[in-house]
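Chemist: Hey, dropping my_file-v7.csv in here, CSV, C-alpha atoms and all ligand atoms:
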```csv
chain,number,residue,atom,x,y,z
U,1,MET,CA,-5.8,-9.2,-6.7
U,2,SER,CA,-3.2,-9.2,-4.0
U,3,ASN,CA,-1.5,-12.5,-3.1
U,4,ILE,CA,-2.2,-13.8,0.3
U,5,VAL,CA,1.4,-14.4,0.9
U,6,ARG,CA,3.5,-11.6,-0.5
U,7,ILE,CA,7.2,-11.7,-1.3
U,8,ALA,CA,9.5,-8.7,-0.9
U,9,PRO,CA,13.0,-9.3,-2.4
U,10,SER,CA,15.6,-7.2,-0.5
U,11,ILE,CA,17.9,-5.4,-2.9
U,12,LEU,CA,20.6,-5.3,-0.2
U,13,ALA,CA,21.5,-8.7,-1.5
U,14,ALA,CA,21.4,-7.7,-5.2
U,15,ASP,CA,24.2,-6.9,-7.5
U,16,PHE,CA,24.4,-3.1,-7.1
U,17,LEU,CA,26.3,-2.8,-10.4
U,18,ASP,CA,23.4,-4.3,-12.2
U,19,LEU,CA,20.5,-3.0,-10.2
U,20,GLY,CA,18.2,-2.2,-13.1
U,21,ASN,CA,18.3,-5.8,-14.3
U,22,GLU,CA,18.1,-7.2,-10.7
U,23,LEU,CA,14.9,-5.2,-10.2
U,24,GLN,CA,13.4,-6.6,-13.4
U,25,SER,CA,14.5,-10.1,-12.5
U,26,VAL,CA,11.9,-10.1,-9.6
U,27,SER,CA,9.0,-8.4,-11.3
U,28,ASN,CA,6.8,-11.3,-10.2
U,29,ALA,CA,7.3,-10.2,-6.6
U,30,ASP,CA,4.8,-8.1,-4.5
U,31,PHE,CA,7.1,-5.5,-3.1
U,32,ILE,CA,10.7,-4.4,-3.5
U,33,HIS,CA,12.3,-4.2,0.0
U,34,TYR,CA,14.7,-1.2,0.3
U,35,ASP,CA,16.9,-1.3,3.4
U,36,VAL,CA,18.1,2.1,4.7
U,37,MET,CA,21.1,1.7,7.2
U,38,ASP,CA,22.8,4.7,8.8
U,39,GLY,CA,25.9,3.0,10.4
U,40,ASP,CA,24.6,4.1,13.8
U,41,PHE,CA,21.4,2.3,14.7
U,42,VAL,CA,22.9,-0.7,12.7
U,43,PRO,CA,26.5,-1.5,12.0
U,44,ASN,CA,26.3,-1.0,8.2
U,45,ILE,CA,25.6,1.8,5.7
U,46,SER,CA,23.4,1.1,2.7
U,47,PHE,CA,21.2,3.4,0.7
U,48,GLY,CA,19.6,6.8,1.1
U,49,PRO,CA,16.7,8.7,-0.6
U,50,GLY,CA,18.7,9.3,-3.8
U,51,LEU,CA,19.0,5.7,-4.8
U,52,LEU,CA,15.3,5.2,-3.9
U,53,ARG,CA,14.3,7.6,-6.7
U,54,ALA,CA,16.3,5.5,-9.1
U,55,VAL,CA,14.8,2.3,-7.8
U,56,LYS,CA,11.3,3.8,-8.3
U,57,ARG,CA,12.1,4.3,-12.0
U,58,GLY,CA,13.4,0.8,-12.3
U,59,THR,CA,10.4,-1.1,-11.0
U,60,ASP,CA,6.6,-1.1,-11.3
U,61,LEU,CA,6.3,-2.8,-7.9
U,62,PRO,CA,5.5,-0.9,-4.7
U,63,VAL,CA,8.7,-0.1,-2.7
U,64,ASP,CA,8.7,-1.1,0.9
U,65,VAL,CA,11.3,1.1,2.6
U,66,HIS,CA,12.8,-0.2,5.9
U,67,MET,CA,14.5,2.6,7.7
U,68,MET,CA,17.2,1.3,10.2
U,69,VAL,CA,18.2,4.8,11.4
U,70,LYS,CA,18.7,6.4,14.8
U,71,ASN,CA,16.6,9.5,13.8
U,72,PRO,CA,13.5,8.4,11.9
U,73,ASP,CA,11.6,11.5,13.0
U,74,GLU,CA,14.1,13.7,11.2
U,75,VAL,CA,14.6,11.8,8.0
U,76,PHE,CA,11.3,9.9,7.2
U,77,ARG,CA,9.9,12.7,5.0
U,78,ASP,CA,12.9,12.4,2.7
U,79,TYR,CA,11.8,8.8,1.9
U,80,LEU,CA,8.2,9.9,1.3
U,81,GLU,CA,9.4,12.6,-1.0
U,82,ALA,CA,11.5,10.0,-2.9
U,83,GLY,CA,8.5,7.8,-3.4
U,84,ALA,CA,8.3,5.1,-0.6
U,85,ASP,CA,5.0,3.3,-1.0
U,86,VAL,CA,5.3,1.6,2.4
U,87,LEU,CA,7.5,3.3,5.0
U,88,THR,CA,8.7,1.4,8.0
U,89,PHE,CA,10.5,2.9,11.1
U,90,HIS,CA,11.8,1.1,14.2
U,91,ILE,CA,9.9,1.6,17.4
U,92,GLU,CA,13.3,1.5,19.3
U,93,THR,CA,14.3,4.9,17.8
U,94,ALA,CA,11.1,6.8,17.1
U,95,LYS,CA,10.5,9.8,19.4
U,96,HIS,CA,6.9,10.5,18.2
U,97,ALA,CA,5.6,7.4,16.6
U,98,HIS,CA,2.0,8.5,16.1
U,99,ARG,CA,3.1,11.7,14.5
U,100,ILE,CA,5.3,9.8,12.0
U,101,VAL,CA,2.4,7.5,11.2
U,102,ASP,CA,-0.1,10.4,10.7
U,103,GLU,CA,2.3,12.1,8.4
U,104,ILE,CA,2.9,8.9,6.3
U,105,HIS,CA,-0.8,8.6,5.9
U,106,ARG,CA,-1.2,12.3,5.0
U,107,TYR,CA,1.1,11.5,2.0
U,108,GLY,CA,-1.3,8.6,1.1
U,109,ARG,CA,1.3,5.9,1.8
U,110,ARG,CA,1.3,2.9,4.1
U,111,ALA,CA,2.9,3.1,7.5
U,112,ALA,CA,4.7,0.3,9.3
U,113,VAL,CA,6.7,-0.2,12.5
U,114,ALA,CA,9.5,-2.6,13.0
U,115,ILE,CA,10.7,-4.4,16.1
U,116,ASN,CA,14.2,-5.9,16.7
U,117,PRO,CA,14.4,-9.6,17.9
U,118,GLY,CA,15.1,-8.3,21.4
U,119,THR,CA,12.2,-5.9,21.5
U,120,ALA,CA,9.0,-6.9,23.3
U,121,VAL,CA,5.9,-7.2,21.1
U,122,SER,CA,4.0,-5.3,23.8
U,123,SER,CA,5.9,-2.1,22.8
U,124,LEU,CA,3.5,-2.0,19.9
U,125,ASP,CA,0.4,-1.8,22.1
U,126,ALA,CA,-0.1,2.0,21.8
U,127,ILE,CA,0.5,2.2,18.0
U,128,ILE,CA,-0.9,-1.1,16.6
U,129,ASP,CA,-4.3,0.4,15.9
U,130,TYR,CA,-2.8,2.8,13.4
U,131,LEU,CA,-0.5,0.6,11.4
U,132,ASP,CA,-0.8,-0.9,7.9
U,133,MET,CA,2.0,-3.3,8.6
U,134,VAL,CA,4.3,-4.6,11.4
U,135,LEU,CA,7.8,-5.7,10.5
U,136,VAL,CA,9.2,-8.4,12.8
U,137,MET,CA,12.9,-8.7,12.6
U,138,SER,CA,14.1,-12.3,12.6
U,139,VAL,CA,17.8,-11.3,12.7
U,140,ASN,CA,19.5,-8.4,14.3
U,141,PRO,CA,19.4,-5.8,11.5
U,142,GLY,CA,22.5,-4.8,9.6
U,143,PHE,CA,23.3,-7.4,7.0
U,144,SER,CA,21.8,-9.9,4.7
U,145,GLY,CA,22.7,-13.6,4.9
U,146,GLN,CA,22.3,-14.0,8.7
U,147,LYS,CA,20.8,-16.9,10.5
U,148,PHE,CA,17.1,-16.8,11.4
U,149,ILE,CA,16.5,-16.5,15.1
U,150,GLU,CA,14.1,-19.2,16.3
U,151,HIS,CA,12.6,-17.0,19.0
U,152,THR,CA,10.9,-15.2,16.2
U,153,TYR,CA,8.1,-17.7,16.3
U,154,THR,CA,7.3,-16.6,19.8
U,155,GLN,CA,7.3,-13.0,18.6
U,156,LEU,CA,4.9,-13.8,15.8
U,157,ASN,CA,2.5,-15.7,18.2
U,158,LYS,CA,2.5,-12.7,20.6
U,159,LEU,CA,1.9,-10.3,17.7
U,160,THR,CA,-1.1,-12.4,16.5
U,161,ALA,CA,-2.5,-12.3,20.0
U,162,LEU,CA,-2.0,-8.5,20.2
U,163,CYS,CA,-3.7,-8.0,16.9
U,164,GLN,CA,-6.6,-10.1,17.9
U,165,SER,CA,-7.0,-8.3,21.2
U,166,HIS,CA,-7.1,-5.0,19.3
U,167,SER,CA,-9.3,-6.4,16.5
U,168,VAL,CA,-6.8,-5.2,13.8
U,169,ARG,CA,-5.2,-7.1,10.9
U,170,PRO,CA,-2.1,-5.2,9.7
U,171,LEU,CA,0.2,-7.0,7.2
U,172,VAL,CA,2.9,-8.9,9.1
U,173,GLU,CA,6.3,-8.8,7.5
U,174,ILE,CA,9.1,-11.1,8.5
U,175,ASP,CA,12.7,-9.9,7.7
U,176,GLY,CA,15.9,-11.8,8.0
U,177,GLY,CA,17.0,-15.4,7.2
U,178,VAL,CA,13.7,-16.3,5.5
U,179,SER,CA,13.9,-18.9,2.7
U,180,VAL,CA,11.8,-21.7,1.2
U,181,LYS,CA,12.9,-23.8,4.2
U,182,ASN,CA,11.1,-21.8,6.8
U,183,ALA,CA,8.5,-19.9,4.7
U,184,ALA,CA,5.6,-22.2,5.6
U,185,GLN,CA,6.4,-22.1,9.3
U,186,VAL,CA,6.6,-18.3,9.5
U,187,VAL,CA,3.3,-17.9,7.6
U,188,ALA,CA,1.7,-20.5,9.9
U,189,ALA,CA,2.8,-18.4,12.8
U,190,GLY,CA,1.2,-15.3,11.4
U,191,ALA,CA,3.5,-13.7,8.8
U,192,ASN,CA,2.1,-12.8,5.3
U,193,VAL,CA,4.9,-10.7,3.8
U,194,LEU,CA,8.2,-12.5,3.5
U,195,VAL,CA,11.4,-10.6,2.8
U,196,GLY,CA,14.0,-12.5,0.8
U,197,GLY,CA,17.5,-11.1,0.5
U,198,SER,CA,20.1,-13.7,0.0
U,199,ALA,CA,17.5,-16.4,-0.6
U,200,VAL,CA,16.3,-14.6,-3.7
U,201,PHE,CA,19.4,-12.9,-5.1
U,202,ASP,CA,21.8,-15.8,-4.5
U,203,ALA,CA,19.4,-18.1,-6.3
U,204,GLU,CA,20.2,-19.1,-9.9
U,205,ASP,CA,16.7,-18.0,-11.1
U,206,HIS,CA,15.4,-15.1,-9.0
U,207,ALA,CA,11.8,-15.2,-10.3
U,208,ARG,CA,11.5,-18.9,-9.7
U,209,MET,CA,12.7,-18.4,-6.1
U,210,VAL,CA,10.1,-15.7,-5.6
U,211,ASP,CA,7.4,-18.1,-6.8
U,212,ASP,CA,8.8,-21.0,-4.7
U,213,MET,CA,8.9,-18.9,-1.6
U,214,ARG,CA,5.3,-17.8,-2.2
U,215,THR,CA,4.2,-21.4,-2.8
U,216,ALA,CA,6.0,-22.6,0.4
U,217,GLY,CA,4.4,-19.8,2.3
U,218,MET,CA,0.9,-20.7,1.1
U,219,GLN,CA,1.4,-24.2,2.6
U,220,GLY,CA,1.9,-22.4,5.9
U,221,PHE,CA,-1.3,-20.5,5.3
U,222,ALA,CA,-3.2,-23.7,4.8
U,223,MET,CA,-1.7,-25.0,8.1
U,224,ARG,CA,-3.3,-22.0,9.9
U,225,MET,CA,-6.7,-23.1,8.7
U,226,VAL,CA,-6.6,-26.5,10.3
R,1,LIG,C1,18.7,-6.9,7.5
R,1,LIG,C2,17.8,-6.3,6.5
R,1,LIG,C3,17.1,-7.4,5.7
R,1,LIG,C4,18.1,-8.2,4.8
R,1,LIG,C5,17.5,-9.5,4.7
R,1,LIG,O1,19.1,-6.0,8.4
R,1,LIG,O2,16.8,-5.6,7.1
R,1,LIG,O3,16.1,-6.8,4.9
R,1,LIG,O4,18.4,-7.6,3.6
R,1,LIG,O5,18.5,-10.4,4.1
R,1,LIG,P1,18.4,-11.9,4.2
R,1,LIG,O6,17.0,-12.3,3.6
R,1,LIG,O7,19.5,-12.4,3.4
R,1,LIG,O8,18.5,-12.3,5.7
R,2,ZN,ZN,15.0,-5.1,5.9
```
Transcribe the structure of this file into structure tokens.
Modeler:
Amino acid sequence: MSNIVRIAPSILAADFLDLGNELQSVSNADFIHYDVMDGDFVPNISFGPGLLRAVKRGTDLPVDVHMMVKNPDEVFRDYLEAGADVLTFHIETAKHAHRIVDEIHRYGRRAAVAINPGTAVSSLDAIIDYLDMVLVMSVNPGFSGQKFIEHTYTQLNKLTALCQSHSVRPLVEIDGGVSVKNAAQVVAAGANVLVGGSAVFDAEDHARMVDDMRTAGMQGFAMRMV
């Protein structure tokens, strides 16, 4: 059975030289978060579809691919072909969002849209009915280890309201500066997939940190109930 609060370690913060072992060290997680950066939409360059094929061989977990690229319409199929289980594109750069979502579903994969901290939640209004997940950025994308932006709680509250008004319940992923310290609060505000980059891979015991983040998140879920 799926966990109510899911943890997605971001291998952007892993030791690239030891990636196989790093993937195995978080085998108790729910997803592997794979950050694609093109040095244009974001000021950093990370991985492409080639490494994704290798990552798929190194883990049994579903891989959650976060494309931070200026041209998702042109490149998203490369990540489907390489095995992305969940494929996320940014609403700020998509030319034909519904077409991308339809095509992801045609491959039998899950489709998600991301919004930057400065992007209005209302920009999801036309697409929310078709999504399996929404990714709410809680830092400006580009690097791991950045500070969580507090305005994210307002974004999460607005997203919860938007989902309710559409009677949909996509997964809600929160990405950037998430740790045991704020896991409960982000879950209480509506998130249920927590990306952990530096929080997980800088920890002494990666697997234990995954469990600790999930446990902390579950406390936030209990806060929603009251
Ligand atoms: C940031 C990436 C994140 C990043 C998170 O642009 O999208 O997935 O790896 O790293 P932390 O958890 O360290 O902020
Ligand atoms: Zn990410």
Chemist: With distances taken over all atoms listed in the file, which residue among U:His90, U:Lys147, U:Arg169, U:Arg110 lies nearest ligand LIG 1 (chain R)?
Modeler: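 Distance minimum relative to ligand LIG 1 (chain R) lands on U:Lys147.
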Chemist: All residues within 7 Å of ligand ZN 2 (chain R) are required, counting all atoms listed in the file; please report them as a VMD selection string.
Modeler: chain U and resid 10 33 to 35 66 175
Chemist: Throw together the list of residues within 6 Å of ligand LIG 1 (chain R), counting only C-alpha atoms and all ligand atoms, and drop it here as a PyMOL selection string.
Modeler: chain U and resi 10+12+35+141-146+175-178+195-199
Chemist: Using all atoms listed in the file for the distances, tell me which of U:Val136, U:Gln185, U:Gly48, U:Asp38 is nearest to Leu80 (chain U).
Modeler: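 Using all atoms listed in the file, Leu80 (chain U) sits closest to U:Gly48.
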Chemist: Could you tell me which of U:Val186, U:Ser167, U:Ser46, U:Val86 comes closest to Ser138 (chain U) if we count all atoms listed in the file?
Modeler: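 Smallest separation from Ser138 (chain U) among the options: U:Val186.
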Chemist: Taking all atoms listed in the file into account, name the residue in U:Tyr79, U:Phe201, U:Phe31, U:Phe41 that is nearest to Ala94 (chain U).
Modeler: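 Selected residue with least distance to Ala94 (chain U): U:Phe41.
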Chemist: Which polymer residues have any atom within 12 Å of an atom of Leu124 (chain U), counting all atoms listed in the file, with same-chain residues fewer than 4 positions away left out, as a list in words?
Modeler: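 Selected residues are His90, Ile91, Glu92, Ala94, Ala97, His98, Ala112, Val113, Ala114, Ile115, Asn116, Thr119, Ala120, Ile128, Asp129, Tyr130, Leu131, Met133, Val134, Leu135, Val136, Gln155, Lys158, Leu159, Thr160, Ala161, Leu162, Cys163 and His166 of chain U.
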